[in-house]
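All remarks here apply to the structure that follows.
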Amino acid sequence: MTATMTTAQSAATAALLSVDNLGKRFGGFVALEGIALSVKAGERVGLIGPNGSGKSTLVNCICGALQNEVGSVTFDGHRLNGMNAHQRTRRGLSRTFQLPRPFASLSLADNMRVPLIYTVAARGAAQGAPAIEARCLELLREVGLESKAARLPRELTQVEMRKLELARAMAAEPKLLIADESMAGLTRSEVEEILALLMRLNAQGVTIILIEHIMSAVMSFSQRLVVLVSGRKIADGEPNAVMRELEVERAYLGQ
Amino acid sequence: MRSDLFLLVCLIVGGTIFGAALALNNDYYFFAGYVVLQYVVLATGWNILGGYCGYVNFGSAAFFALGAYSTVAMHKLYPLPIPVLVLIGGAVSGIVGFGMGYLTLRLRGAFFAIATLALAVVLQTLIVNWDFVGGSRGAYIVRPEAIALFGSYIKYLFLIMMLLAIGAITVARLIERSRLGYGFATIRDDELAAEASGVPTLRLKLIATAISGALMGMAGAPFPYYIGFLQPSSAFGLDYAVNSIAMPLIGGTTSWVGPLVGAVLLGSLQQLATVTISSAVNLLIVGFLLVGFVIVAPNGIVGLVQKYIRHRPAGQVGRRRIEADAPGKVP
């Protein structure tokens, strides 16, 4: 029931996420400057840029792990500035981390349980213990980890760890998912697996921002491409058109 | 096991121990048992912040002393029954714990530990200079020789501490199995990921410091009646700080069983050493055991037992993995 309401809401404001003139400094170092970004509900956006260009800082500012000094972040009609990360998660903004950060002392099922009892429950959908139990397994099944539900994260392989990270972000039932380098260090077939997973989520109505260095993955996934270089946005548009832009090629591919 | 059933089992076990001590008909067992039980409360309280959340508190002695000195202050103002004093001591320590949390929880690891140590030093300085509770001279608390129903007063104190220990363990176990317990575990594992999953980390940490502080204060509240003469150096003793950390670490920090096992084991060992060798050797024993456990079994006795159970089912080839036995994190 809330889904239809929020769809109507975001249709009215046009953008699910809008970042306006965002700036972040670390001491004298300008990490981000004048970033403007607008993401529509249901969109698949690729965010690229060389190392140190400010991609992760931008994600951190959007998700609340860092607070931006300048500019504003608006999500689903609410201004997020000053909000803690957990409040933003509860509003429907989930993320994965560049390096997977599982809850190491909890089983995979319990890793799923945390967003369920802290985020989904906080939205008012109180569930009984058996329902939560079932949902934990269902989430793990979606990423193919159901058989390892009782294991600890340290027993997982690299690609399984990435899937766990994605599953935990999905457990919070987000409207927008920011996947920060979910495919780094994976083999080609594993990349395909994760891509398929993200496409499936998007088909379910989740808006996705994908941060990635593997260009083939970004190009096949994104409907729109945003390029950051040295803390500034230098391109934003249809992926192929963006790639043709010389400046991008020079900055990103070093030609 | 359901919580009410668990409480019932605890009460039966507690009653049996009390009965056994009565049967031995020697007040020494009550004196020694009181100290062991006091450590059970202290270790369980410490573990809620230190074990569940991974915030190592070096200021346990300060919370213990706060409880004890609340009793001294109340004793001078208006004599109240000990159970009420326990509640007052718990409230004072809980509030101070909350305040300490508010001021220091932006710090992590060693920095947090140092801040809690500083709190202990500041509080001790305050108490030393506060004449009303005896200052550096100390304060006499004359306890009645006998009390109705129990005969000797130490039996009464022992029973109060027994009930406190049961209460503390029940609270710890409840937390462990609740939403709060999962939240605490995520704070121990990864605060950034916890926030990203919707866990309000700051609020949970404040809850943990308050509960932890309150329990440690409750452990200290009956202490003036036990010792009869309270001075700052005994209330803020190194024993409390070291034991309340060592007992959970040796027992295992991730469940309520750990502090209980650690406290009973180390507490009894120290009581034994006190009568056979000397009380001066107590901290040495703790030191050696702590070093040994950190090297050999970083997850404590509970961790050892769990590992044994996990590896026991033999013949399941392929299920057993070669674990790069990551030296478990000492919180």
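Chains: A, B, ... in order of the structure tokens. Residues: from 1 per chain. Ligands: from 1, in order shown.
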Specify as a compact mmCIF listing (two decimals) with C-alpha atoms, in the first residue's frame all residues of chain A found within 8 Å of chain B, counting only C-alpha atoms.
```txt
# COMPACT_ATOMS: atom_id res chain seq x y z
CA CYS A 63 24.20 7.27 2.69
CA ALA A 65 28.52 7.57 6.65
CA ASN A 84 22.42 9.43 10.57
CA ALA A 85 23.15 6.53 8.27
CA HIS A 86 20.64 4.25 10.00
CA GLN A 87 17.85 6.79 9.54
CA ARG A 88 18.61 6.98 5.83
CA THR A 89 18.60 3.19 5.60
CA ARG A 90 15.19 3.15 7.22
CA SER A 94 20.72 0.78 1.09
CA ARG A 95 24.31 0.30 0.13
CA ARG A 101 31.80 -5.84 5.75
CA PRO A 102 29.76 -8.79 7.00
CA PHE A 103 28.86 -9.19 10.67
CA ALA A 104 31.66 -11.66 11.32
CA SER A 105 30.33 -13.23 14.51
CA LEU A 106 26.81 -13.79 13.15
CA VAL A 114 19.68 -7.52 11.42
CA PRO A 115 18.20 -5.31 8.66
CA ILE A 117 14.52 -6.47 12.73
CA TYR A 118 16.06 -3.01 12.67
CA THR A 119 14.92 -1.52 9.37
CA GLU A 155 33.85 -19.54 5.57
CA ARG A 168 22.00 -7.89 3.36
CA ALA A 169 21.45 -4.61 1.55
CA ALA A 172 16.37 -3.73 4.21
```
- Message: If we count only C-alpha atoms and set the cut-off at 12 Å, which residues sit around Ala134 in chain A, ignoring sequence neighbours fewer than 6 positions away in its own chain? Please answer as a list of chain:residue names.
- Response: A:Ala109, A:Asp110, A:Met112, A:Arg113, A:Leu116, A:Gln127, A:Gly128, A:Leu140, A:Arg141, A:Glu146, A:Ala149
- Assign secondary structure with DSSP using the backbone only, and return the residues of range 38-244 of chain A in strand (DSSP E or B) as a ChimeraX atom specification. /A:38-39,44-48,70-75,78-79,93-95,176-180,207-211,224-229,232-237
- Could you find all residues in range 149-223 of chain B that DSSP calls alpha helix (DSSP H) from the backbone, and write them as a ChimeraX atom specification? /B:153-176,179-189,191-196,201-220,223
- Can you work out which one of A:Val227, A:Arg154, A:Glu142, A:Gly185 has the shortest atom-to-atom distance to Leu197 in chain A, counting only C-alpha atoms? A:Glu142
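Counting from CA of Tyr140 in chain B, the distance to CA of Val96 in chain B is 24.9 Å.
The gap separating CA of Trp130 in chain B from CA of Ser212 in chain B is 25.5 Å, in Å to one decimal.
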- Task: Extract, using only C-alpha atoms, all DNA, RNA and protein residues at most 9 Å from range 134-139 of chain B, discarding same-chain residues fewer than 4 positions from it, and format them as a count of residues only.
- Result: 13
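If you look at CA of Met83 in chain A and CA of Gln67 in chain A, they are 8.5 Å away from each other.
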- Task: Please identify all polymer residues within 7 Å of range 58-65 of chain B, counting only C-alpha atoms, omitting same-chain residues fewer than 3 positions from it, and present them as JSON, numbers by chain.
- Result: {"B": [68, 69, 93, 113, 116, 117, 119, 120, 123, 213, 216, 217, 219, 220, 235, 236, 237, 240, 241, 244]}
Just write the chosen residues, N, CA and C atoms, as a CSV table (one decimal), in the first residue's frame.
```csv
chain,number,residue,atom,x,y,z
B,68,ALA,N,29.2,1.4,45.9
B,68,ALA,CA,29.6,1.3,47.3
B,68,ALA,C,29.5,2.6,48.0
B,69,TYR,N,29.9,3.7,47.4
B,69,TYR,CA,29.9,5.0,48.0
B,69,TYR,C,28.5,5.6,48.1
B,93,SER,N,25.1,4.5,39.3
B,93,SER,CA,26.1,4.0,38.4
B,93,SER,C,25.6,3.9,37.0
B,113,ALA,N,39.2,2.8,26.0
B,113,ALA,CA,39.7,2.1,27.2
B,113,ALA,C,40.4,3.2,28.1
B,116,THR,N,37.9,5.5,29.9
B,116,THR,CA,37.3,4.9,31.0
B,116,THR,C,38.2,4.8,32.2
B,117,LEU,N,39.5,4.6,31.9
B,117,LEU,CA,40.5,4.6,33.0
B,117,LEU,C,40.6,6.0,33.6
B,119,LEU,N,38.2,8.1,33.8
B,119,LEU,CA,37.0,8.3,34.6
B,119,LEU,C,37.2,7.8,36.0
B,120,ALA,N,37.8,6.6,36.1
B,120,ALA,CA,38.1,6.0,37.4
B,120,ALA,C,39.0,6.9,38.2
B,123,LEU,N,37.0,10.0,39.4
B,123,LEU,CA,36.0,9.7,40.4
B,123,LEU,C,36.7,9.4,41.8
B,213,GLY,N,26.9,-0.2,33.5
B,213,GLY,CA,27.3,0.5,34.7
B,213,GLY,C,26.4,0.2,35.9
B,216,MET,N,27.3,-3.1,37.5
B,216,MET,CA,28.5,-3.1,38.3
B,216,MET,C,28.3,-2.3,39.6
B,217,GLY,N,27.5,-1.2,39.5
B,217,GLY,CA,27.2,-0.4,40.7
B,217,GLY,C,26.4,-1.3,41.7
B,219,ALA,N,26.6,-4.4,42.1
B,219,ALA,CA,27.6,-5.3,42.7
B,219,ALA,C,28.3,-4.7,43.9
B,220,GLY,N,28.5,-3.3,43.8
B,220,GLY,CA,29.3,-2.6,44.8
B,220,GLY,C,28.4,-2.1,46.0
B,235,ALA,N,37.8,0.4,47.5
B,235,ALA,CA,36.7,0.4,46.6
B,235,ALA,C,37.1,0.6,45.2
B,236,PHE,N,38.2,1.3,45.0
B,236,PHE,CA,38.7,1.5,43.6
B,236,PHE,C,39.8,0.5,43.3
B,237,GLY,N,39.9,-0.6,44.0
B,237,GLY,CA,41.0,-1.5,43.9
B,237,GLY,C,41.2,-2.0,42.5
B,240,TYR,N,39.3,-5.2,41.1
B,240,TYR,CA,38.0,-5.1,40.4
B,240,TYR,C,38.1,-4.8,38.9
B,241,ALA,N,39.0,-3.9,38.6
B,241,ALA,CA,39.2,-3.5,37.2
B,241,ALA,C,39.8,-4.8,36.5
B,244,SER,N,37.2,-7.9,36.5
B,244,SER,CA,36.0,-7.8,35.7
B,244,SER,C,36.3,-7.9,34.2
```
- Write out as a PyMOL selection string each polymer residue whose atoms come within 6 Å of range 29-36 of chain A, counting only C-alpha atoms; drop sequence neighbours fewer than 6 positions from it. chain A and resi 19-23+54+231-232
